Structure formats: C-alpha cells, structure tokens
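Asker: The file below is final-v2.csv, CSV, C-alpha atoms and all ligand atoms:
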```csv
chain,number,residue,atom,x,y,z
D,1,MET,CA,1.2,-36.4,13.1
D,2,LEU,CA,-0.8,-33.4,11.9
D,3,THR,CA,2.2,-31.2,12.1
D,4,PHE,CA,4.2,-33.7,10.1
D,5,ALA,CA,1.5,-34.1,7.4
D,6,TYR,CA,1.1,-30.4,6.9
D,7,ALA,CA,4.9,-29.8,7.0
D,8,LEU,CA,5.4,-32.4,4.3
D,9,LEU,CA,2.4,-31.0,2.3
D,10,PHE,CA,3.9,-27.5,2.4
D,11,TYR,CA,7.4,-28.6,1.4
D,12,ILE,CA,5.9,-30.5,-1.6
D,13,ALA,CA,3.6,-27.6,-2.5
D,14,ALA,CA,6.5,-25.1,-2.3
D,15,ALA,CA,8.7,-27.3,-4.5
D,16,VAL,CA,5.9,-27.8,-7.1
D,17,LEU,CA,5.1,-24.1,-7.1
D,18,VAL,CA,8.7,-22.9,-7.5
D,19,GLY,CA,9.9,-25.7,-9.8
D,20,GLY,CA,6.7,-25.7,-11.9
D,21,LEU,CA,6.8,-21.9,-12.3
D,22,ALA,CA,10.5,-21.9,-13.2
D,23,PHE,CA,9.8,-24.6,-15.8
D,24,ARG,CA,6.8,-22.9,-17.3
D,25,ILE,CA,8.6,-19.5,-17.5
D,26,TRP,CA,11.5,-21.2,-19.2
D,27,GLU,CA,9.1,-22.8,-21.7
D,28,TYR,CA,7.5,-19.4,-22.3
D,29,ALA,CA,10.9,-17.7,-22.7
D,30,THR,CA,12.1,-20.2,-25.2
D,31,THR,CA,9.0,-20.4,-27.4
D,32,PRO,CA,9.7,-18.6,-30.7
D,33,ALA,CA,7.6,-15.6,-31.6
D,34,PRO,CA,8.0,-15.8,-35.4
D,35,LEU,CA,5.7,-12.9,-36.3
D,36,LYS,CA,5.6,-9.3,-35.5
D,37,ILE,CA,2.1,-9.0,-34.0
D,38,PRO,CA,1.8,-6.2,-31.4
D,39,THR,CA,-1.8,-5.1,-30.9
D,40,THR,CA,-2.0,-1.7,-32.5
D,41,PRO,CA,-1.8,1.2,-31.7
D,42,ALA,CA,1.4,-0.1,-30.1
D,43,PRO,CA,4.5,1.7,-28.7
D,44,ARG,CA,7.3,2.3,-31.1
D,45,THR,CA,10.1,2.2,-28.5
D,46,ARG,CA,11.2,-0.2,-25.8
D,47,GLY,CA,10.5,2.4,-23.2
D,48,GLY,CA,6.9,2.6,-24.5
D,49,VAL,CA,6.5,-1.2,-24.3
D,50,VAL,CA,7.7,-1.1,-20.6
D,51,LEU,CA,5.0,1.6,-20.0
D,52,ARG,CA,2.4,-0.4,-21.8
D,53,LEU,CA,3.1,-3.6,-19.9
D,54,GLY,CA,3.2,-1.5,-16.7
D,55,ARG,CA,-0.3,-0.2,-17.4
D,56,GLU,CA,-1.5,-3.8,-18.1
D,57,VAL,CA,-0.1,-5.1,-14.8
D,58,VAL,CA,-1.3,-2.2,-12.6
D,59,LEU,CA,-4.5,-1.1,-14.4
D,60,PHE,CA,-5.5,-4.1,-16.6
D,61,GLU,CA,-5.8,-1.6,-19.4
D,62,SER,CA,-6.9,-3.9,-22.3
D,63,LEU,CA,-9.5,-5.6,-20.1
D,64,PHE,CA,-10.8,-2.1,-19.2
D,65,LYS,CA,-11.2,-1.4,-22.9
D,66,ALA,CA,-12.9,-4.7,-23.5
D,67,ASN,CA,-15.4,-5.1,-20.7
D,68,LYS,CA,-16.1,-2.7,-17.8
D,69,TRP,CA,-17.8,-5.2,-15.5
D,70,THR,CA,-15.2,-7.9,-15.9
D,71,TRP,CA,-12.6,-5.2,-15.4
D,72,LEU,CA,-14.2,-3.9,-12.2
D,73,PHE,CA,-14.6,-7.4,-10.6
D,74,GLY,CA,-11.2,-8.6,-11.9
D,75,TRP,CA,-9.3,-5.6,-10.8
D,76,ALA,CA,-10.9,-5.4,-7.4
D,77,PHE,CA,-10.1,-9.1,-6.8
D,78,HIS,CA,-6.5,-8.8,-7.9
D,79,ALA,CA,-5.8,-5.5,-5.9
D,80,ALA,CA,-7.4,-7.0,-2.8
D,81,LEU,CA,-5.4,-10.2,-3.3
D,82,LEU,CA,-2.2,-8.2,-3.3
D,83,VAL,CA,-3.1,-6.4,0.0
D,84,VAL,CA,-4.2,-9.7,1.6
D,85,LEU,CA,-0.9,-11.4,0.5
D,86,LEU,CA,1.2,-8.5,1.8
D,87,ARG,CA,-0.7,-8.7,5.1
D,88,HIS,CA,0.1,-12.4,5.3
D,89,LEU,CA,3.8,-11.7,5.2
D,90,ARG,CA,3.7,-11.2,8.9
D,91,TYR,CA,3.4,-15.0,9.3
D,92,PHE,CA,6.8,-15.5,7.6
D,93,THR,CA,9.1,-12.7,8.8
D,94,ARG,CA,10.5,-11.8,12.2
D,95,PRO,CA,10.6,-8.8,12.7
D,96,VAL,CA,7.5,-7.9,10.6
D,97,TRP,CA,8.4,-5.3,7.9
D,98,GLU,CA,7.1,-1.7,8.3
D,99,LEU,CA,5.0,-1.8,5.2
D,100,VAL,CA,3.4,-5.0,6.3
D,101,VAL,CA,2.5,-3.4,9.7
D,102,LEU,CA,1.0,-0.4,8.0
D,103,ILE,CA,-1.1,-2.5,5.7
D,104,GLN,CA,-2.7,-4.7,8.4
D,105,PRO,CA,-6.0,-2.7,8.9
D,106,PHE,CA,-6.6,-2.6,5.2
D,107,GLY,CA,-6.1,-6.3,4.9
D,108,ILE,CA,-9.5,-7.0,6.5
D,109,TYR,CA,-11.4,-4.9,4.0
D,110,ALA,CA,-9.3,-6.4,1.3
D,111,GLY,CA,-10.6,-9.9,2.4
D,112,PHE,CA,-14.2,-8.8,1.7
D,113,ALA,CA,-13.3,-7.0,-1.5
D,114,MET,CA,-11.5,-10.2,-2.7
D,115,VAL,CA,-14.7,-12.3,-2.1
D,116,ALA,CA,-16.9,-9.6,-3.7
D,117,GLY,CA,-14.7,-9.6,-6.8
D,118,LEU,CA,-14.6,-13.4,-7.1
D,119,LEU,CA,-18.4,-13.7,-6.7
D,120,GLY,CA,-18.8,-11.0,-9.5
D,121,LEU,CA,-16.5,-13.0,-11.8
D,122,TRP,CA,-18.3,-16.2,-10.9
D,123,GLY,CA,-21.7,-14.6,-11.5
D,124,ARG,CA,-20.5,-13.6,-14.9
D,125,ARG,CA,-19.6,-17.2,-15.8
D,126,LEU,CA,-23.0,-18.4,-14.5
D,127,LEU,CA,-25.3,-15.7,-15.7
D,128,VAL,CA,-23.9,-14.4,-19.1
D,129,PRO,CA,-24.9,-17.1,-21.6
D,130,ARG,CA,-22.0,-16.6,-24.0
D,131,VAL,CA,-19.5,-16.8,-21.1
D,132,ARG,CA,-21.3,-19.8,-19.5
D,133,TYR,CA,-21.0,-21.6,-22.8
D,134,ILE,CA,-17.2,-21.3,-22.9
D,135,SER,CA,-16.6,-21.9,-19.2
D,136,ALA,CA,-14.8,-25.1,-18.5
D,137,PRO,CA,-15.0,-27.0,-15.1
D,138,SER,CA,-11.5,-25.8,-14.3
D,139,ASP,CA,-12.7,-22.1,-14.5
D,140,HIS,CA,-15.3,-22.8,-11.9
D,141,LEU,CA,-12.9,-24.9,-9.8
D,142,MET,CA,-10.3,-22.1,-9.6
D,143,LEU,CA,-13.0,-19.6,-8.5
D,144,ALA,CA,-14.3,-22.1,-5.9
D,145,LEU,CA,-10.8,-22.7,-4.6
D,146,LEU,CA,-10.1,-18.9,-4.2
D,147,VAL,CA,-13.5,-18.3,-2.7
D,148,GLY,CA,-12.9,-21.2,-0.3
D,149,ILE,CA,-9.5,-19.8,0.8
D,150,ALA,CA,-10.9,-16.3,1.3
D,151,ALA,CA,-14.0,-17.5,3.1
D,152,SER,CA,-12.1,-19.7,5.5
D,153,GLY,CA,-9.6,-16.8,6.1
D,154,LEU,CA,-12.4,-14.4,6.9
D,155,LEU,CA,-14.0,-17.1,9.1
D,156,MET,CA,-10.8,-17.3,11.1
D,157,LYS,CA,-10.6,-13.5,11.4
D,158,PHE,CA,-14.1,-13.0,12.6
D,159,VAL,CA,-15.6,-16.3,14.0
D,160,ALA,CA,-13.3,-19.2,14.7
D,161,HIS,CA,-9.9,-17.6,15.7
D,162,THR,CA,-6.7,-19.6,15.6
D,163,ASP,CA,-3.5,-19.2,17.6
D,164,ILE,CA,-1.6,-16.9,15.2
D,165,VAL,CA,1.6,-17.0,17.3
D,166,ALA,CA,1.8,-20.8,17.2
D,167,LEU,CA,1.0,-20.7,13.4
D,168,LYS,CA,3.8,-18.2,12.8
D,169,SER,CA,6.2,-20.5,14.8
D,170,PHE,CA,5.1,-23.4,12.6
D,171,PHE,CA,5.9,-21.6,9.4
D,172,LEU,CA,9.2,-20.1,10.6
D,173,GLY,CA,10.0,-23.6,11.8
D,174,LEU,CA,9.4,-24.9,8.2
D,175,ILE,CA,11.8,-22.3,6.9
D,176,TYR,CA,14.5,-22.8,9.4
D,177,LEU,CA,14.1,-26.6,9.6
D,178,ASP,CA,13.1,-26.4,13.3
D,179,TRP,CA,9.6,-27.9,13.3
D,180,GLN,CA,7.0,-26.5,15.7
D,181,PRO,CA,3.4,-27.8,16.3
D,182,LEU,CA,0.6,-26.6,14.1
D,183,PRO,CA,-2.6,-25.4,15.9
D,184,PRO,CA,-5.2,-28.2,15.2
D,185,ASP,CA,-8.1,-25.8,14.4
D,186,PRO,CA,-10.4,-27.2,11.7
D,187,VAL,CA,-10.9,-23.9,9.8
D,188,LEU,CA,-7.1,-23.2,9.8
D,189,LEU,CA,-6.5,-26.8,8.4
D,190,VAL,CA,-9.1,-26.1,5.7
D,191,HIS,CA,-7.5,-22.7,4.9
D,192,LEU,CA,-4.0,-24.2,4.7
D,193,GLY,CA,-5.1,-27.3,2.8
D,194,LEU,CA,-6.8,-25.2,0.1
D,195,VAL,CA,-3.7,-22.9,-0.1
D,196,ALA,CA,-1.4,-25.9,-0.6
D,197,ALA,CA,-3.8,-27.1,-3.4
D,198,LEU,CA,-3.6,-23.7,-5.0
D,199,MET,CA,0.2,-23.8,-4.9
D,200,ILE,CA,0.2,-27.2,-6.5
D,201,VAL,CA,-2.2,-26.5,-9.3
D,202,PHE,CA,-0.8,-23.0,-10.0
D,203,PRO,CA,1.9,-23.9,-12.5
D,204,TYR,CA,-0.5,-26.1,-14.5
D,205,SER,CA,-3.5,-23.8,-14.5
D,206,LYS,CA,-5.0,-20.7,-16.2
D,207,LEU,CA,-3.6,-18.7,-13.2
D,208,LEU,CA,-0.4,-18.7,-15.1
D,209,HIS,CA,-1.7,-15.7,-17.0
D,210,ALA,CA,0.2,-13.7,-14.3
D,211,PRO,CA,3.7,-14.4,-15.6
D,212,GLY,CA,2.3,-15.2,-19.1
D,213,LEU,CA,1.4,-11.6,-19.6
D,214,PHE,CA,5.0,-10.6,-19.9
D,215,PHE,CA,5.6,-13.1,-22.7
D,216,SER,CA,2.6,-12.2,-24.8
D,217,PRO,CA,3.9,-11.0,-28.2
D,218,THR,CA,0.8,-8.9,-28.8
D,219,ARG,CA,1.8,-6.8,-25.7
D,220,ASN,CA,5.6,-7.0,-25.4
D,221,GLN,CA,6.6,-6.2,-29.0
D,222,VAL,CA,7.8,-2.9,-30.3
D,223,ASP,CA,5.9,-1.6,-33.4
D,224,ASN,CA,8.9,-1.2,-35.6
D,225,PRO,CA,8.6,-3.6,-38.5
D,226,ARG,CA,9.7,-1.0,-41.0
D,227,GLU,CA,12.7,0.2,-39.0
D,228,ARG,CA,14.0,-3.3,-38.1
D,229,ARG,CA,13.5,-6.6,-39.8
D,230,HIS,CA,11.9,-9.1,-37.4
D,231,LEU,CA,13.5,-12.5,-37.5
D,232,ALA,CA,12.5,-15.5,-35.3
D,233,HIS,CA,15.5,-17.2,-33.6
D,234,TRP,CA,15.2,-20.3,-35.8
D,235,ALA,CA,14.9,-18.2,-38.9
D,236,ARG,CA,18.1,-16.3,-38.0
D,237,GLU,CA,19.9,-19.6,-37.6
D,238,LEU,CA,18.6,-20.8,-40.9
D,239,GLU,CA,19.7,-17.7,-42.6
D,240,ALA,CA,23.2,-17.8,-41.0
D,241,GLY,CA,23.6,-21.4,-42.2
D,242,ARG,CA,22.8,-20.5,-45.8
D,243,SER,CA,25.1,-17.5,-46.1
J,1,LIG,C1,0.6,-20.6,4.0
J,1,LIG,C2,0.0,-19.5,3.7
J,1,LIG,C3,-1.2,-18.9,4.5
J,1,LIG,C4,-1.3,-18.9,5.9
J,1,LIG,C5,-0.4,-19.4,6.9
J,1,LIG,C6,-2.6,-18.2,6.1
J,1,LIG,C7,-3.1,-17.9,7.4
J,1,LIG,C8,-4.2,-17.1,7.6
J,1,LIG,C9,-4.7,-16.7,8.9
J,1,LIG,C10,-4.2,-17.2,10.2
J,1,LIG,C11,-5.8,-15.9,8.8
J,1,LIG,C12,-6.6,-15.2,9.9
J,1,LIG,C13,-6.1,-13.8,10.1
J,1,LIG,C14,-6.5,-13.3,11.4
J,1,LIG,O1,-7.2,-13.9,12.2
J,1,LIG,O2,-6.1,-12.1,11.7
J,1,LIG,C15,-5.9,-15.7,7.3
J,1,LIG,C16,-6.9,-14.9,6.8
J,1,LIG,C17,-7.1,-14.8,5.4
J,1,LIG,N1,-6.4,-15.4,4.4
J,1,LIG,FE1,-4.8,-16.6,4.7
J,1,LIG,N2,-3.2,-17.8,4.9
J,1,LIG,C18,-2.3,-18.2,3.9
J,1,LIG,C19,-2.5,-18.1,2.6
J,1,LIG,C20,-3.5,-17.4,2.0
J,1,LIG,C21,-3.7,-17.1,0.5
J,1,LIG,C22,-2.7,-17.7,-0.6
J,1,LIG,C23,-4.8,-16.4,0.4
J,1,LIG,C24,-5.4,-15.9,-0.9
J,1,LIG,C25,-5.4,-16.5,-2.0
J,1,LIG,C26,-5.3,-16.2,1.7
J,1,LIG,C27,-6.5,-15.4,2.0
J,1,LIG,C28,-6.9,-15.0,3.2
J,1,LIG,C29,-8.0,-14.1,3.4
J,1,LIG,C30,-8.8,-13.4,2.3
J,1,LIG,C31,-8.1,-13.9,4.8
J,1,LIG,C32,-9.1,-13.0,5.6
J,1,LIG,C33,-8.6,-11.5,5.6
J,1,LIG,C34,-7.3,-11.3,6.4
J,1,LIG,O3,-7.3,-11.7,7.5
J,1,LIG,O4,-6.3,-10.9,5.8
J,1,LIG,N3,-4.5,-16.8,2.6
J,1,LIG,N4,-5.0,-16.4,6.6
```
Would you mind giving the structure from this file in structure tokens?

Answerer:
Amino acid sequence: MLTFAYALLFYIAAAVLVGGLAFRIWEYATTPAPLKIPTTPAPRTRGGVVLRLGREVVLFESLFKANKWTWLFGWAFHAALLVVLLRHLRYFTRPVWELVVLIQPFGIYAGFAMVAGLLGLWGRRLLVPRVRYISAPSDHLMLALLVGIAASGLLMKFVAHTDIVALKSFFLGLIYLDWQPLPPDPVLLVHLGLVAALMIVFPYSKLLHAPGLFFSPTRNQVDNPRERRHLAHWARELEAGRS
C-alpha cells in the first residue's frame, strides 16, 4: 500500500514537474520583449551575452554586486544543492557514474552547507526589516520546504539510517516499471514526501527563477540598438502587413 502510494505520488510529481516546466518555458519563450533593455554596461556581441549569462549562472554576478551577504548565503546554498543533487544520482543509475562516485564524500559537507545557506537566507527575511516587509508566506514556505528536505536527509545520513539498496531498487523499479517495495522508515517517508511536494510546486513557484534567468531581457540582450533596429515579433508582423 505504502509502495503503491509513493509510486503514484512520484509519477504524478514527475509529470507535473516536467509538464509544468515545459509549459512555463514555452510561455517565457513566446512572451514578446518589445523593448531593448539590457542592464548596462552590457555586452555588444552575442558571445559577450553568453559569457555574461554564464557568469550569472555560475557566480551570481549581479547578486554579488547588489548584496554581499545575500550573495554569500545564496551562492553557498545553490552550490551545495548542486553537489547534493549530483550525489543523489547514485539512486537512479546502475552502474553509478564515475563523477557521482568521486563526489560522494563532498556531498556530506554540502548537506550542511546547504542548511547553513538556507538558514542565512531565512535569517535575512526575518531580521532585516525592509526584507521582512516584502516577504510573502510563500517565501517562508519555500525556505521551510528546502530546510525540511535537507534536515531529513542529514538525519538519515547520521541518525536514522535507511536501506539505501532497497530505496534504489524502488526508484529503478519506478523507471523500468518493475515496482519494488519502498523501505517504510518514517524519516525517509518525510524526505520523499517533501521532495514530491517540491517537484509539484516548482513550476508554479518563485523557484522558476532558475530557467527564468535565461529569458530575462535585461540579461540576455545584446547592447546594439544603434547597429540593429530592435523590433518585437508582433511589431514586425504589423510592419510587414502595412508594406
Ligand atoms: C527522489 C529523490 C530523493 C531521494 C530518493 C533521496 C534520498 C536520500 C537518502 C536515502 C539520503 C541519505 C543518504 C545517506 O544515508 O547516505 C538523502 C540525504 C540527503 N538528501 Fe535526499 N533524496 C531525494 C531528493 C533530494 C532533494 C531534491 C534534495 C534537495 C533539495 C535532497 C537533499 C538531501 C540532503 C541535503 C541530504 C543529506 C546529505 C547527503 O546525504 O547527501 N534530497 N537523500
């Protein structure tokens, strides 16, 4: 029964995550950007824009310029999340990839770094009056969800261990449609329940800033309004109709 409930939950969560993300990305990609509004100083070539976006993705450059504390906690959280997610790939592939094997020992430190980063970001929302004023319940909820996932993960790692071999069989069984029993450990069930909740809310939450960054006109436009006339898609169609 438990296995069936969680299998169903993860099929639904995966469908919502993939379908929802695809839909939101399609929405972003088809939203017109009628104005030329790159934040200056901005690159004047496409290659420069690729580099600028690369620096945003890897270093969070504009956040660094804006606020050092938010950058520190935000960057630490995201970098740690990447390591933790890479470490988790061992539950979904057989054989486990070389990179994923190499990263295993760092994953544990990353778990703590993730919680530290999240608590720093949460502290900012609670302690800085101007930020507290603009914080909505969903901002707190997302932080609580991520802290809950990380804390239950660390609890499994250090206190209430689960049967990782059986867990891997369960997830491989989901992928290959050959269902295997899920270990009924309470902390694992909480961890997985929160992960499924995260997958379901992701496409409708502020966490969409991850793909959204690539569609931000202030970051992805080339600064060439004098060299090339900027025309929104609909304006081009309008012009073509008139001529
Ligand atoms: C279906 C997906 C997931 C499964 C099956 C899963 C399972 C597990 C298991 C079994 C552990 C304990 C590791 C051990 O004892 O060595 C763990 C730890 C952890 N999990 Fe997850 N988890 C999933 C998704 C996530 C996600 C999406 C996050 C973050 C948002 C996350 C964050 C953590 C953290 C921070 C730890 C502790 C550090 C570590 O062991 O890497 N997990 N997870």

Asker: Write out as a tab-separated table the residues of chain D that have any atom within 9 Å of an atom of ligand LIG 1 (chain J), one row each with the nearest atom pair and its distance in Å to one decimal, counting only C-alpha atoms and all ligand atoms, sorted by chain and then rising number.

Answerer:
```
residue	atom	partner	partner_atom	distance
D:Phe10	CA	J:LIG1	C1	7.8
D:Ala80	CA	J:LIG1	C30	8.3
D:Leu81	CA	J:LIG1	C24	6.2
D:Leu82	CA	J:LIG1	C24	8.7
D:Val83	CA	J:LIG1	O4	8.0
D:Val84	CA	J:LIG1	O4	4.8
D:Leu85	CA	J:LIG1	C23	6.3
D:Leu86	CA	J:LIG1	O4	8.8
D:Arg87	CA	J:LIG1	O4	6.1
D:His88	CA	J:LIG1	N2	6.3
D:Leu89	CA	J:LIG1	C3	8.8
D:Tyr91	CA	J:LIG1	C5	6.3
D:Phe92	CA	J:LIG1	C5	8.2
D:Gln104	CA	J:LIG1	O4	7.6
D:Pro105	CA	J:LIG1	O4	8.8
D:Phe106	CA	J:LIG1	O4	8.3
D:Gly107	CA	J:LIG1	O4	4.7
D:Ile108	CA	J:LIG1	C33	4.7
D:Tyr109	CA	J:LIG1	C33	7.3
D:Ala110	CA	J:LIG1	C33	6.7
D:Gly111	CA	J:LIG1	C30	3.9
D:Phe112	CA	J:LIG1	C30	7.1
D:Ala113	CA	J:LIG1	C30	8.7
D:Met114	CA	J:LIG1	C30	6.5
D:Val115	CA	J:LIG1	C30	7.4
D:Leu145	CA	J:LIG1	C25	8.6
D:Leu146	CA	J:LIG1	C25	5.7
D:Val147	CA	J:LIG1	C25	8.3
D:Gly148	CA	J:LIG1	C27	8.9
D:Ile149	CA	J:LIG1	C27	5.5
D:Ala150	CA	J:LIG1	C30	3.7
D:Ala151	CA	J:LIG1	C30	6.7
D:Ser152	CA	J:LIG1	C17	7.0
D:Gly153	CA	J:LIG1	C17	3.3
D:Leu154	CA	J:LIG1	C32	3.8
D:Leu155	CA	J:LIG1	C32	7.3
D:Met156	CA	J:LIG1	C12	4.8
D:Lys157	CA	J:LIG1	O1	3.5
D:Phe158	CA	J:LIG1	O1	7.0
D:Val159	CA	J:LIG1	O1	8.9
D:Ala160	CA	J:LIG1	O1	8.5
D:His161	CA	J:LIG1	O1	5.8
D:Thr162	CA	J:LIG1	C10	6.4
D:Asp163	CA	J:LIG1	C10	7.7
D:Ile164	CA	J:LIG1	C10	5.6
D:Leu167	CA	J:LIG1	C5	6.8
D:Lys168	CA	J:LIG1	C5	7.3
D:Phe170	CA	J:LIG1	C5	8.9
D:Phe171	CA	J:LIG1	C5	7.1
D:Leu188	CA	J:LIG1	C10	6.7
D:His191	CA	J:LIG1	N2	6.5
D:Leu192	CA	J:LIG1	C1	5.9
D:Gly193	CA	J:LIG1	C1	8.9
D:Leu194	CA	J:LIG1	C22	8.6
D:Val195	CA	J:LIG1	C22	5.3
D:Ala196	CA	J:LIG1	C1	7.3
D:Leu198	CA	J:LIG1	C22	7.5
D:Met199	CA	J:LIG1	C22	8.0
```

Asker: Give me the residues within 7 Å of range 42-45 of chain D as a tab-separated table (two decimals) with C-alpha atoms, in the frame of the given file, counting all atoms listed in the file and dropping any in the same chain fewer than 5 places off.

Answerer:
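And here's result_26.tsv as it stands now:
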```
chain	number	residue	atom	x	y	z
D	222	VAL	CA	7.80	-2.90	-30.30
D	223	ASP	CA	5.90	-1.60	-33.40
D	224	ASN	CA	8.90	-1.20	-35.60
```

Asker: Could you work out how far CA of Gly120 in chain D lies from CA of Leu72 in chain D, giving the answer in Å with one decimal?

Answerer: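 That distance, rounded to one decimal, is 8.9 Å.
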
Asker: So how far away is CA of Tyr133 in chain D from CA of Ser62 in chain D, in Å?

Answerer: 22.6 Å

Asker: Determine, counting only C-alpha atoms, which protein, DNA and RNA residues have an atom within 9 Å of an atom of range 15-32 of chain D; residues of the same chain fewer than 6 positions away are not included. Present the result as a list of chain:residue names.

Answerer: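 Those residues are D:Leu198, D:Met199, D:Ile200, D:Val201, D:Phe202, D:Pro203, D:Tyr204, D:Leu208, D:Pro211, D:Gly212, D:Phe215, D:Ala232, D:His233, D:Trp234.
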
Asker: Counting all atoms listed in the file, which residue out of D:Ile175, D:Leu231, D:Leu59, D:Leu238 sits closest to Tyr11 in chain D?

Answerer: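 So, comparing all the options, the nearest one is D:Ile175.
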
Asker: Between CA of Arg226 in chain D and CA of Pro34 in chain D, what distance in Å does the model show, to one decimal?

Answerer: 15.9 Å

Asker: Using all atoms listed in the file, pick whichever of D:Ser216, D:Ile134, D:Gly48, D:Leu174 has the shortest atom-to-atom distance to Leu9 in chain D.

Answerer: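 The answer is D:Leu174, which sits nearest to Leu9 in chain D.
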
Asker: From the options D:His140, D:Arg130, D:Arg94, D:His78, which residue's atoms come nearest to Gly117 in chain D, counting only C-alpha atoms?

Answerer: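 Going through D:His140, D:Arg130, D:Arg94, D:His78 one by one, the smallest distance to Gly117 in chain D is for D:His78.
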
Asker: Nearest to Leu35 in chain D among D:Leu172, D:Ala235, D:Leu213, D:Leu8, with distances taken over only C-alpha atoms: which residue is it?

Answerer: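 Once distances to Leu35 in chain D are computed over only C-alpha atoms, the minimum belongs to D:Ala235.
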
Asker: Which of these residues is nearest to Ala14 in chain D, using all atoms listed in the file: D:Gly54, D:Arg125, D:Ala197, D:Trp75?

Answerer: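 Closest to Ala14 in chain D, using all atoms listed in the file: D:Ala197.
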
Asker: Can you tell me, as a PyMOL selection string, what residues are no more than 8 Å from Pro38 in chain D when counting only C-alpha atoms, ignoring any on the same chain fewer than 2 positions away?

Answerer: chain D and resi 36+40+42+217-223

Asker: May I ask which of the residues D:Phe4, D:Phe77, D:Phe64, D:Tyr176 is the closest one to Leu119 in chain D, counting all atoms listed in the file?

Answerer: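 Distance minimum relative to Leu119 in chain D lands on D:Phe77.
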
Asker: List as a PyMOL selection string the protein and nucleic acid residues near Pro184 in chain D, meaning an atom at most 9 Å away when only C-alpha atoms are counted, but skip any in the same chain fewer than 5 places from it.

Answerer: chain D and resi 2-3+162+189

Asker: Dump C-alpha atoms for the selected residues as a compact mmCIF listing (two decimals), keeping the file's coordinate frame?

Answerer:
```txt
# COMPACT_ATOMS: atom_id res chain seq x y z
CA LEU D 2 -0.80 -33.40 11.90
CA THR D 3 2.20 -31.20 12.10
CA THR D 162 -6.70 -19.60 15.60
CA LEU D 189 -6.50 -26.80 8.40
```
